[in-house]
There are 2 protein chains.
Amino acid sequence: MEMPRTPLDNFFYPSSVAVIGASANPQKIGHMILKSIVESNFKGKVYPVNPKRGEILGLKVYGSVLEIPDKVDLAVIAVPPKIVPQVVDECGRKGIKAVVIISGGFKETGAEGAELERKTVETARKYGIRIIGPNCIGVFCPENGINTFFQVRERMLRPDSGGIAFLTQSGTYGCTLLEWIAESPGIGVSKFVSYGNRCDVDEAELVKYLSKDPKTKVIALYVEGLSNGRKFMEAAREAVKYKPIIMLKAGRTKKGSEAAISHTGYLSGEYNIYQAMFKQVGIIEAKNMEELYDFVKIFSMQPLPSGSRVAMVSNGAGPCVFATDMIDTSDVLEIAKLSDETVEEIRKKIPAAVISTLVDLTGSATTRDYEIALEAIARDENVDIIMPFFVFQDTPLEEDIVDVLERLKRHGKPIIVCAGGGPFTRKMNRKIEERGIPTYQTPERAVRAVEALATYAIYRRRKILSQ
Amino acid sequence: MEMPRTPLDNFFYPSSVAVIGASANPQKIGHMILKSIVESNFKGKVYPVNPKRGEILGLKVYGSVLEIPDKVDLAVIAVPPKIVPQVVDECGRKGIKAVVIISGGFKETGAEGAELERKTVETARKYGIRIIGPNCIGVFCPENGINTFFQVRERMLRPDSGGIAFLTQSGTYGCTLLEWIAESPGIGVSKFVSYGNRCDVDEAELVKYLSKDPKTKVIALYVEGLSNGRKFMEAAREAVKYKPIIMLKAGRTKKGSEAAISHTGYLSGEYNIYQAMFKQVGIIEAKNMEELYDFVKIFSMQPLPSGSRVAMVSNGAGPCVFATDMIDTSDVLEIAKLSDETVEEIRKKIPAAVISTLVDLTGSATTRDYEIALEAIARDENVDIIMPFFVFQDTPLEEDIVDVLERLKRHGKPIIVCAGGGPFTRKMNRKIEERGIPTYQTPERAVRAVEALATYAIYRRRKILSQ
């Protein structure tokens, strides 16, 4: 097991965890959090803490952290807000340097809660304790088997280890994205942080930490309001040199900001200022939760393209008409103009093919037809990005198409698949994702993801040139 | 079994169907179409036609339609394009009044194909035959067990009977939407038409037909280009008095139009002209395929609201912050301002609740808490539309919440649920949809659907006033 080396490492790689407010009552949040940790394959020590003492889930319960005989790297706090400052003080006396406060009832509820939160932070600073939360679902690092979720496994899947880091002000969005990732083969999570009211550790610090984390390939954020815009910009500007940052901003309007204040106690700021920042720093904006998921998927799975010219191949052109509209109005993407050799080769070998803004192999297309067209396109120097569209409902197309796609990866160009439908289509999409190629059910979502990939590739080329 | 009464009835309620080009080879489209019909619970007679004669799937094969001893209401044609005009001529001599031409290779392939298509239409006109197609997947009417699909059931689900009619120029989009509907409990299809090149029967006629069809509650269209804009507008203007029309337009840009011509041989026309038409006539525009699905779902399941004021209740406010942004920038929707009595009642009975632009019951909310809040909101005269958001991952919320929602229906206000996640959340969403309430995984999709519902309600109120 890795040992914590930096202060933030305590949150993701603790050797020992105390759960303060652990309860014997399965209905209590303090019980569910303990259960979550115990049921993970966390290799460190776990110490339940509750003044009632006794035993929970086979573990000895301590009356306070001060009674724990060994060193504790991380404390997870799930007690009523009024006693949180006192509990944090005990953590300080014990020498604990990192706490996750799950409990709500602070700044988001008004003046009294804000005062409690201020006191909590003051206490933590005195001892050099770092805090994630309060009012959140905490941290998750599948690599180390640590998770502080009060959501039971029967109701919420945990994803495998992988390249995606997600920082979120909303625990709800956190649950949703984690489950979507868990159900997608070939992708997983490096670090997850739900920080709620964010009274101490903030996005800037976390982005800086993740930019140096070798396990993280892409950083995603759901933000209502940043604690310190300038500090975040500096951290992000440096991080995007190494890995993409994707951000979903909520609380864009006056009423949306009101909702945000009641949610996490933070003013959400002007949306247009955020948008200017995205462009200036090189952050990819996701317009909604599905885009955030679509984007982390493509960045986890595909290499960056060396240009923005897209070639589409299909056995049913409808979705490609829609995709053509989108590419044609995109500031970034363009339809690849296939070389004469490519066009000739496809025409000669597949007489039924109709070549316009796409290669339409028509409903009679077989795996072999796709292989001919896709290989010719992959070799074509006018093509940077390959988008195969499939109507898997059409029988002439055999299931071994997945092998053709896997072989296509050797060309080093990004491949993105679009295929919409029911159980059979989902089975095929799943097989393709198991081979490391992302799939999308609709052309809109596929093209938006490709646009994000190409946009970041442009940012990266510019960064490299300007250094 | 119903008997065809109008010319278009022959397509949906034929008493007998000939499949011309029926094949004994399971790999051939002509075999799959026959199999599709045989495996449906179609109660009429089915006649395979093939010059080789013999027997296919236990049915006697006729050398031509002229050899069939009985009356034939509908012919499905899947033969090489070159012989289609001759086959249609035989249909005419047999007295058949409706044909679906599945075969491609006509106008979409260039001048030669266009000439074949012209000849086919000319022949049909001579006999008073109506054509759907060519270059399509044809018709589907689950009520009567008729479907002309060459997609086998192992690869493509067929939805149950229900209130949704879908007209599509793209067979691919047809397959996708049908499967999405098939997997959604509580909704189904009245009539489906994939018309491809649309050489005869057009959208205007079909919309007129569907507007009078008692089985159809909502009409959806995927269109690249209309054959006759004025005629369509007239039909649509009349139809929207009785039921909503939802339309997805592709081929919006120059390059998109090029792709459309190669796809179905039609110029797609100016997108801004279409958008003006939508507003003028009262058609709801879907911006993409997922919206089309989301919209038919809400219209199939929910009553129209008497106003546009939305009340949200949640146990995890993140998605509601996003929804607030959307409602706040919507031209149609607004956040309901709850009456003082409602606010007081909720505050008194659920002290933990935070009321801002939504009622946030927080993560500790139980079914009973939701019931108190939802019932108070449903009684509130300031509320037209009820949007419960759920974090089903949170254990305090019990599974009997679905019963609370079902009881809530008696108030007659539309109810739309938003809950995102994995298998458990999908199970809960499914249970809710089985009770006739639509669910969406993200606030964006939920709010867009609500906006469509409220927009049509406004159209309807205006139509009624102006009559």
# chains A, B, ... in the order shown; residues from 1 in each chain; ligands from 1
>>> interface_residues(of="chain A", to="chain B", cutoff="6 Å", atoms="only C-alpha atoms", output="PyMOL selection string")
chain A and resi 151+155-156+170+172+176+179+250-253+256+259-260+316+318+321-322+324-325+356-357+393-394+420-422+424
>>> write_last_selection(atoms="N, CA, C and O atoms", output="compact mmCIF listing (two decimals), in the first residue's frame")
# COMPACT_ATOMS: atom_id res chain seq x y z
N GLN A 151 -24.08 6.09 0.55
CA GLN A 151 -24.96 5.38 -0.37
C GLN A 151 -24.55 3.90 -0.38
O GLN A 151 -23.39 3.58 -0.64
N ARG A 155 -27.76 0.32 -3.95
CA ARG A 155 -28.40 1.45 -4.61
C ARG A 155 -27.44 2.25 -5.48
O ARG A 155 -27.86 3.06 -6.29
N MET A 156 -26.14 2.04 -5.29
CA MET A 156 -25.17 2.84 -6.05
C MET A 156 -23.92 2.04 -6.38
O MET A 156 -23.19 1.62 -5.48
N SER A 170 -21.78 19.07 -6.16
CA SER A 170 -23.04 18.36 -5.95
C SER A 170 -22.80 16.87 -5.77
O SER A 170 -22.27 16.21 -6.65
N THR A 172 -25.18 14.69 -5.63
CA THR A 172 -26.12 14.01 -6.52
C THR A 172 -25.51 13.77 -7.89
O THR A 172 -25.56 12.66 -8.43
N THR A 176 -24.53 10.16 -9.85
CA THR A 176 -24.95 9.87 -11.22
C THR A 176 -23.75 9.55 -12.11
O THR A 176 -23.71 8.53 -12.78
N GLU A 179 -21.98 6.25 -11.34
CA GLU A 179 -22.70 5.06 -11.81
C GLU A 179 -22.62 4.92 -13.33
O GLU A 179 -22.48 3.81 -13.85
N ALA A 250 -23.00 25.34 -13.24
CA ALA A 250 -24.42 25.58 -12.97
C ALA A 250 -24.56 26.85 -12.14
O ALA A 250 -23.55 27.41 -11.67
N GLY A 251 -25.79 27.28 -11.94
CA GLY A 251 -26.00 28.56 -11.25
C GLY A 251 -25.66 29.69 -12.19
O GLY A 251 -24.94 30.61 -11.85
N ARG A 252 -26.16 29.58 -13.44
CA ARG A 252 -25.78 30.54 -14.48
C ARG A 252 -26.63 31.80 -14.45
O ARG A 252 -26.22 32.84 -14.91
N THR A 253 -27.86 31.67 -13.94
CA THR A 253 -28.78 32.80 -13.96
C THR A 253 -29.01 33.30 -12.54
O THR A 253 -28.53 32.70 -11.57
N GLY A 256 -30.93 30.73 -10.68
CA GLY A 256 -30.04 29.58 -10.53
C GLY A 256 -29.04 29.83 -9.41
O GLY A 256 -28.73 28.93 -8.63
N ALA A 259 -30.67 29.32 -6.06
CA ALA A 259 -30.73 27.89 -5.75
C ALA A 259 -29.38 27.40 -5.27
O ALA A 259 -29.28 26.59 -4.34
N ALA A 260 -28.31 27.89 -5.89
CA ALA A 260 -26.95 27.46 -5.54
C ALA A 260 -26.60 27.87 -4.11
O ALA A 260 -25.98 27.11 -3.37
N GLY A 316 -26.36 3.33 -42.86
CA GLY A 316 -27.69 3.94 -42.78
C GLY A 316 -27.47 5.41 -42.53
O GLY A 316 -27.11 5.81 -41.43
N GLY A 318 -29.06 8.39 -42.25
CA GLY A 318 -29.81 9.40 -41.50
C GLY A 318 -29.00 10.12 -40.43
O GLY A 318 -28.83 11.35 -40.50
N VAL A 321 -26.48 12.57 -41.77
CA VAL A 321 -27.00 13.85 -42.26
C VAL A 321 -26.98 14.84 -41.10
O VAL A 321 -26.49 15.96 -41.21
N PHE A 322 -27.45 14.38 -39.97
CA PHE A 322 -27.47 15.21 -38.76
C PHE A 322 -26.04 15.57 -38.33
O PHE A 322 -25.75 16.72 -38.00
N THR A 324 -23.43 15.71 -40.21
CA THR A 324 -22.88 16.64 -41.20
C THR A 324 -23.30 18.07 -40.88
O THR A 324 -22.47 19.00 -40.91
N ASP A 325 -24.57 18.26 -40.55
CA ASP A 325 -25.05 19.59 -40.11
C ASP A 325 -24.17 20.13 -38.98
O ASP A 325 -23.76 21.28 -39.00
N SER A 356 -20.56 10.90 -50.38
CA SER A 356 -20.88 12.34 -50.40
C SER A 356 -20.08 12.97 -49.25
O SER A 356 -18.85 12.95 -49.30
N THR A 357 -20.72 13.50 -48.24
CA THR A 357 -19.98 13.98 -47.06
C THR A 357 -19.62 12.80 -46.17
O THR A 357 -18.97 12.95 -45.14
N GLN A 393 -28.97 -3.12 -36.24
CA GLN A 393 -30.21 -3.85 -36.48
C GLN A 393 -30.20 -4.55 -37.84
O GLN A 393 -30.99 -5.48 -38.07
N ASP A 394 -29.33 -4.10 -38.75
CA ASP A 394 -29.29 -4.68 -40.10
C ASP A 394 -28.40 -5.93 -40.12
O ASP A 394 -27.20 -5.86 -39.83
N GLY A 420 -27.32 3.67 -32.47
CA GLY A 420 -28.44 3.82 -31.55
C GLY A 420 -29.40 2.65 -31.62
O GLY A 420 -29.63 2.11 -32.70
N GLY A 421 -29.96 2.26 -30.48
CA GLY A 421 -30.94 1.18 -30.50
C GLY A 421 -31.17 0.56 -29.15
O GLY A 421 -30.97 1.20 -28.12
N GLY A 422 -31.58 -0.71 -29.15
CA GLY A 422 -31.96 -1.43 -27.95
C GLY A 422 -30.92 -2.42 -27.48
O GLY A 422 -29.71 -2.18 -27.62
N PHE A 424 -29.60 -5.35 -28.47
CA PHE A 424 -28.54 -5.87 -29.34
C PHE A 424 -27.50 -4.78 -29.63
O PHE A 424 -26.29 -5.03 -29.58
>>> residues_around(residues="segment 138-142 of chain B", least_positions_apart="2", cutoff="7 Å", atoms="only C-alpha atoms", output="list in words")
Phe12, Val100, Ile102, Ile132, Gly133, Cys136, Asn144, Gly145, Ile146, Asn147, Thr148, Phe149, Asp160, Ser161, Val189, Ser190, Lys191, Phe192, Val193, Ser194 and Tyr195 of chain B
>>> select_by_dssp(residues="segment 293-429 of chain B", states="strand (DSSP E)", output="JSON, numbers by chain")
{"B": [309, 310, 311, 312, 313, 314, 334, 335, 354, 355, 359, 360, 385, 386, 387, 388, 417, 418]}
>>> write_last_selection(atoms="C-alpha atoms", output="PDB file, in the first residue's frame")
ATOM      1  CA  ARG B 309     -45.344  27.526 -13.360  1.00  0.00           C
ATOM      2  CA  VAL B 310     -43.026  24.713 -12.262  1.00  0.00           C
ATOM      3  CA  ALA B 311     -42.466  23.528  -8.681  1.00  0.00           C
ATOM      4  CA  MET B 312     -39.459  21.312  -7.899  1.00  0.00           C
ATOM      5  CA  VAL B 313     -38.950  19.065  -4.881  1.00  0.00           C
ATOM      6  CA  SER B 314     -35.673  17.217  -4.252  1.00  0.00           C
ATOM      7  CA  GLU B 334     -41.253  29.980 -14.833  1.00  0.00           C
ATOM      8  CA  ILE B 335     -40.453  28.921 -11.273  1.00  0.00           C
ATOM      9  CA  VAL B 354     -34.757  24.406   2.646  1.00  0.00           C
ATOM     10  CA  ILE B 355     -37.123  26.386   0.403  1.00  0.00           C
ATOM     11  CA  VAL B 359     -38.146  22.558  -1.936  1.00  0.00           C
ATOM     12  CA  ASP B 360     -34.933  20.815  -0.867  1.00  0.00           C
ATOM     13  CA  ILE B 385     -46.437  21.533 -13.184  1.00  0.00           C
ATOM     14  CA  ILE B 386     -44.893  19.268 -10.533  1.00  0.00           C
ATOM     15  CA  MET B 387     -41.282  18.109 -10.884  1.00  0.00           C
ATOM     16  CA  PRO B 388     -40.062  15.681  -8.226  1.00  0.00           C
ATOM     17  CA  VAL B 417     -39.648  12.920 -12.548  1.00  0.00           C
ATOM     18  CA  CYS B 418     -35.874  13.443 -12.767  1.00  0.00           C
TER      19      CYS B 418
END
>>> closest_residue(among="B:Lys212, B:Arg230, B:Lys217, B:Arg462", to="Asp9 of chain B", atoms="only C-alpha atoms")
B:Lys212
>>> residues_around(residues="Thr6 of chain B", least_positions_apart="6", cutoff="12 Å", atoms="only C-alpha atoms", output="ChimeraX atom specification")
/B:12-14,73,97-98,130,205-206,209,212-213
>>> select_by_dssp(residues="segment 207-448 of chain B", states="alpha helix (DSSP H)", output="PyMOL selection string")
chain B and resi 207-211+229-239+254-264+271-281+289-301+318-329+340-349+367-379+401-408+423-434+443-448
>>> write_last_selection(atoms="C-alpha atoms", output="compact mmCIF listing (two decimals), in the first residue's frame")
# COMPACT_ATOMS: atom_id res chain seq x y z
CA VAL B 207 -50.40 13.87 -40.90
CA LYS B 208 -53.98 14.44 -42.09
CA TYR B 209 -54.68 10.73 -41.73
CA LEU B 210 -53.11 10.55 -38.26
CA SER B 211 -54.90 13.66 -37.04
CA GLY B 229 -44.19 22.69 -47.71
CA ARG B 230 -47.51 24.49 -48.23
CA LYS B 231 -49.57 21.30 -48.29
CA PHE B 232 -47.78 20.09 -45.16
CA MET B 233 -48.41 23.37 -43.36
CA GLU B 234 -52.12 23.16 -44.05
CA ALA B 235 -52.36 19.60 -42.80
CA ALA B 236 -50.26 20.39 -39.73
CA ARG B 237 -52.20 23.56 -38.89
CA GLU B 238 -55.39 21.53 -38.74
CA ALA B 239 -53.82 18.57 -36.90
CA LYS B 254 -25.23 23.26 -47.13
CA LYS B 255 -23.13 20.16 -46.52
CA GLY B 256 -25.96 18.56 -44.53
CA SER B 257 -28.20 19.04 -47.56
CA GLU B 258 -25.61 17.35 -49.78
CA ALA B 259 -25.67 14.37 -47.44
CA ALA B 260 -29.49 14.40 -47.53
CA ILE B 261 -29.61 14.29 -51.33
CA SER B 262 -27.40 11.21 -51.41
CA HIS B 263 -29.53 9.73 -48.66
CA THR B 264 -33.10 10.13 -49.91
CA TYR B 271 -33.62 25.62 -42.00
CA ASN B 272 -34.74 29.11 -41.00
CA ILE B 273 -37.83 28.75 -43.21
CA TYR B 274 -38.64 25.55 -41.34
CA GLN B 275 -38.20 27.23 -38.00
CA ALA B 276 -40.55 30.03 -39.00
CA MET B 277 -43.09 27.43 -40.08
CA PHE B 278 -42.82 25.58 -36.74
CA LYS B 279 -43.75 28.76 -34.86
CA GLN B 280 -46.45 29.84 -37.23
CA VAL B 281 -48.22 26.49 -37.34
CA MET B 289 -33.20 12.40 -31.51
CA GLU B 290 -33.16 12.22 -27.72
CA GLU B 291 -35.45 15.24 -27.52
CA LEU B 292 -37.82 13.63 -30.01
CA TYR B 293 -38.00 10.58 -27.73
CA ASP B 294 -38.28 12.67 -24.56
CA PHE B 295 -41.09 14.73 -26.06
CA VAL B 296 -43.22 11.84 -27.37
CA LYS B 297 -42.86 10.26 -23.96
CA ILE B 298 -44.17 13.27 -22.02
CA PHE B 299 -47.02 13.88 -24.48
CA SER B 300 -48.04 10.20 -24.37
CA MET B 301 -48.14 10.12 -20.60
CA GLY B 318 -27.54 19.91 -7.60
CA PRO B 319 -29.70 18.99 -10.60
CA CYS B 320 -32.31 21.55 -9.47
CA VAL B 321 -29.74 24.34 -9.63
CA PHE B 322 -29.23 23.36 -13.26
CA ALA B 323 -32.98 23.10 -13.86
CA THR B 324 -33.48 26.54 -12.27
CA ASP B 325 -30.99 28.00 -14.75
CA MET B 326 -32.95 26.48 -17.61
CA ILE B 327 -36.39 27.52 -16.37
CA ASP B 328 -35.10 31.00 -15.65
CA THR B 329 -33.90 31.42 -19.25
CA ASP B 340 -47.59 31.27 2.00
CA GLU B 341 -49.79 28.40 3.21
CA THR B 342 -47.76 25.86 1.26
CA VAL B 343 -44.45 27.22 2.54
CA GLU B 344 -45.76 27.30 6.11
CA GLU B 345 -47.10 23.79 5.96
CA ILE B 346 -43.85 22.35 4.61
CA ARG B 347 -41.71 24.34 7.07
CA LYS B 348 -43.85 23.22 9.99
CA LYS B 349 -43.97 19.55 9.10
CA THR B 367 -41.19 8.96 1.42
CA ARG B 368 -43.41 10.60 4.06
CA ASP B 369 -41.49 13.90 3.71
CA TYR B 370 -41.96 13.80 -0.05
CA GLU B 371 -45.65 13.04 0.37
CA ILE B 372 -46.18 16.08 2.62
CA ALA B 373 -44.31 18.41 0.27
CA LEU B 374 -45.76 17.02 -2.98
CA GLU B 375 -49.36 17.03 -1.76
CA ALA B 376 -49.06 20.61 -0.50
CA ILE B 377 -47.57 21.67 -3.83
CA ALA B 378 -50.21 19.83 -5.86
CA ARG B 379 -52.95 21.69 -3.96
CA ILE B 401 -42.43 6.65 -3.11
CA VAL B 402 -43.91 5.30 -6.37
CA ASP B 403 -47.30 4.95 -4.64
CA VAL B 404 -47.14 8.56 -3.47
CA LEU B 405 -46.54 9.63 -7.06
CA GLU B 406 -49.40 7.52 -8.34
CA ARG B 407 -51.81 9.09 -5.82
CA LEU B 408 -50.56 12.53 -6.82
CA PRO B 423 -29.36 -0.09 -12.09
CA PHE B 424 -31.28 0.79 -8.90
CA THR B 425 -32.27 4.21 -10.18
CA ARG B 426 -33.34 2.70 -13.51
CA LYS B 427 -35.46 0.15 -11.65
CA MET B 428 -37.19 2.93 -9.71
CA ASN B 429 -37.65 5.04 -12.86
CA ARG B 430 -39.16 2.02 -14.57
CA LYS B 431 -41.65 1.47 -11.74
CA ILE B 432 -42.66 5.12 -11.97
CA GLU B 433 -43.15 4.92 -15.74
CA GLU B 434 -45.27 1.79 -15.29
CA PRO B 443 -32.49 17.96 -15.47
CA GLU B 444 -31.76 19.23 -18.97
CA ARG B 445 -33.82 16.53 -20.64
CA ALA B 446 -36.60 16.77 -18.07
CA VAL B 447 -36.93 20.55 -18.37
CA ARG B 448 -36.82 20.49 -22.18
>>> residues_around(residues="Val84 of chain B", least_positions_apart="6", cutoff="12 Å", atoms="only C-alpha atoms", output="VMD selection string")
chain B and resid 20 to 21 75 to 78 90 to 91 99 to 106 113 115 to 124 131 133 to 135
>>> residues_around(residues="Gly63 of chain A", least_positions_apart="5", cutoff="9 Å", atoms="only C-alpha atoms", output="compact mmCIF listing (two decimals) with C-alpha atoms, in the first residue's frame")
# COMPACT_ATOMS: atom_id res chain seq x y z
CA PRO A 48 -15.21 3.36 14.28
CA VAL A 49 -15.68 6.17 16.81
CA ASN A 50 -18.81 6.60 18.95
CA PRO A 51 -19.19 7.53 22.65
CA LYS A 52 -21.39 4.42 23.07
CA ARG A 53 -18.36 2.22 22.25
CA GLY A 54 -19.01 -1.53 21.71
CA ILE A 68 -7.29 5.09 19.23
>>> decode(residues="segment 346-355 of chain B", atoms="all heavy atoms", output="PDB file, in the first residue's frame")
ATOM      1  N   ILE B 346     -45.076  23.150   4.802  1.00  0.00           N
ATOM      2  CA  ILE B 346     -43.852  22.353   4.611  1.00  0.00           C
ATOM      3  C   ILE B 346     -42.848  22.653   5.734  1.00  0.00           C
ATOM      4  O   ILE B 346     -42.266  21.748   6.324  1.00  0.00           O
ATOM      5  CB  ILE B 346     -43.239  22.604   3.212  1.00  0.00           C
ATOM      6  CG1 ILE B 346     -44.211  22.115   2.114  1.00  0.00           C
ATOM      7  CG2 ILE B 346     -41.888  21.907   3.074  1.00  0.00           C
ATOM      8  CD1 ILE B 346     -43.815  22.472   0.706  1.00  0.00           C
ATOM      9  N   ARG B 347     -42.667  23.953   6.022  1.00  0.00           N
ATOM     10  CA  ARG B 347     -41.705  24.341   7.066  1.00  0.00           C
ATOM     11  C   ARG B 347     -42.071  23.728   8.413  1.00  0.00           C
ATOM     12  O   ARG B 347     -41.204  23.274   9.165  1.00  0.00           O
ATOM     13  CB  ARG B 347     -41.698  25.871   7.213  1.00  0.00           C
ATOM     14  CG  ARG B 347     -40.973  26.581   6.090  1.00  0.00           C
ATOM     15  CD  ARG B 347     -39.858  27.504   6.621  1.00  0.00           C
ATOM     16  NE  ARG B 347     -38.954  27.862   5.534  1.00  0.00           N
ATOM     17  CZ  ARG B 347     -39.077  28.972   4.796  1.00  0.00           C
ATOM     18  NH1 ARG B 347     -40.054  29.824   5.031  1.00  0.00           N
ATOM     19  NH2 ARG B 347     -38.215  29.216   3.828  1.00  0.00           N
ATOM     20  N   LYS B 348     -43.384  23.720   8.698  1.00  0.00           N
ATOM     21  CA  LYS B 348     -43.853  23.216   9.990  1.00  0.00           C
ATOM     22  C   LYS B 348     -43.639  21.706  10.098  1.00  0.00           C
ATOM     23  O   LYS B 348     -43.142  21.195  11.096  1.00  0.00           O
ATOM     24  CB  LYS B 348     -45.346  23.545  10.146  1.00  0.00           C
ATOM     25  CG  LYS B 348     -45.810  23.659  11.598  1.00  0.00           C
ATOM     26  CD  LYS B 348     -47.287  23.989  11.700  1.00  0.00           C
ATOM     27  CE  LYS B 348     -48.135  22.736  11.705  1.00  0.00           C
ATOM     28  NZ  LYS B 348     -49.583  22.995  11.582  1.00  0.00           N
ATOM     29  N   LYS B 349     -44.015  21.008   9.041  1.00  0.00           N
ATOM     30  CA  LYS B 349     -43.974  19.547   9.103  1.00  0.00           C
ATOM     31  C   LYS B 349     -42.600  18.954   8.803  1.00  0.00           C
ATOM     32  O   LYS B 349     -42.308  17.827   9.195  1.00  0.00           O
ATOM     33  CB  LYS B 349     -45.019  18.963   8.142  1.00  0.00           C
ATOM     34  CG  LYS B 349     -46.451  19.299   8.563  1.00  0.00           C
ATOM     35  CD  LYS B 349     -47.457  18.611   7.664  1.00  0.00           C
ATOM     36  CE  LYS B 349     -48.885  18.904   8.102  1.00  0.00           C
ATOM     37  NZ  LYS B 349     -49.860  18.568   7.041  1.00  0.00           N
ATOM     38  N   ILE B 350     -41.779  19.687   8.026  1.00  0.00           N
ATOM     39  CA  ILE B 350     -40.430  19.184   7.705  1.00  0.00           C
ATOM     40  C   ILE B 350     -39.424  20.286   8.013  1.00  0.00           C
ATOM     41  O   ILE B 350     -38.994  21.037   7.123  1.00  0.00           O
ATOM     42  CB  ILE B 350     -40.319  18.779   6.210  1.00  0.00           C
ATOM     43  CG1 ILE B 350     -41.575  18.010   5.762  1.00  0.00           C
ATOM     44  CG2 ILE B 350     -39.062  17.932   5.957  1.00  0.00           C
ATOM     45  CD1 ILE B 350     -41.722  17.911   4.259  1.00  0.00           C
ATOM     46  N   PRO B 351     -39.000  20.399   9.277  1.00  0.00           N
ATOM     47  CA  PRO B 351     -38.126  21.521   9.657  1.00  0.00           C
ATOM     48  C   PRO B 351     -36.802  21.554   8.883  1.00  0.00           C
ATOM     49  O   PRO B 351     -36.239  22.627   8.674  1.00  0.00           O
ATOM     50  CB  PRO B 351     -37.875  21.278  11.152  1.00  0.00           C
ATOM     51  CG  PRO B 351     -38.977  20.370  11.593  1.00  0.00           C
ATOM     52  CD  PRO B 351     -39.336  19.536  10.414  1.00  0.00           C
ATOM     53  N   ALA B 352     -36.320  20.382   8.428  1.00  0.00           N
ATOM     54  CA  ALA B 352     -35.033  20.346   7.731  1.00  0.00           C
ATOM     55  C   ALA B 352     -35.117  20.910   6.312  1.00  0.00           C
ATOM     56  O   ALA B 352     -34.095  21.219   5.694  1.00  0.00           O
ATOM     57  CB  ALA B 352     -34.509  18.906   7.670  1.00  0.00           C
ATOM     58  N   ALA B 353     -36.344  21.066   5.783  1.00  0.00           N
ATOM     59  CA  ALA B 353     -36.502  21.500   4.392  1.00  0.00           C
ATOM     60  C   ALA B 353     -35.957  22.907   4.167  1.00  0.00           C
ATOM     61  O   ALA B 353     -36.152  23.800   4.993  1.00  0.00           O
ATOM     62  CB  ALA B 353     -37.969  21.437   3.992  1.00  0.00           C
ATOM     63  N   VAL B 354     -35.267  23.092   3.037  1.00  0.00           N
ATOM     64  CA  VAL B 354     -34.757  24.406   2.646  1.00  0.00           C
ATOM     65  C   VAL B 354     -35.557  24.837   1.418  1.00  0.00           C
ATOM     66  O   VAL B 354     -35.541  24.152   0.396  1.00  0.00           O
ATOM     67  CB  VAL B 354     -33.251  24.335   2.296  1.00  0.00           C
ATOM     68  CG1 VAL B 354     -32.714  25.717   1.945  1.00  0.00           C
ATOM     69  CG2 VAL B 354     -32.446  23.720   3.444  1.00  0.00           C
ATOM     70  N   ILE B 355     -36.274  25.955   1.518  1.00  0.00           N
ATOM     71  CA  ILE B 355     -37.123  26.386   0.403  1.00  0.00           C
ATOM     72  C   ILE B 355     -36.515  27.602  -0.278  1.00  0.00           C
ATOM     73  O   ILE B 355     -36.339  28.651   0.344  1.00  0.00           O
ATOM     74  CB  ILE B 355     -38.563  26.690   0.891  1.00  0.00           C
ATOM     75  CG1 ILE B 355     -39.138  25.446   1.596  1.00  0.00           C
ATOM     76  CG2 ILE B 355     -39.453  27.106  -0.291  1.00  0.00           C
ATOM     77  CD1 ILE B 355     -40.533  25.619   2.135  1.00  0.00           C
TER      78      ILE B 355
END
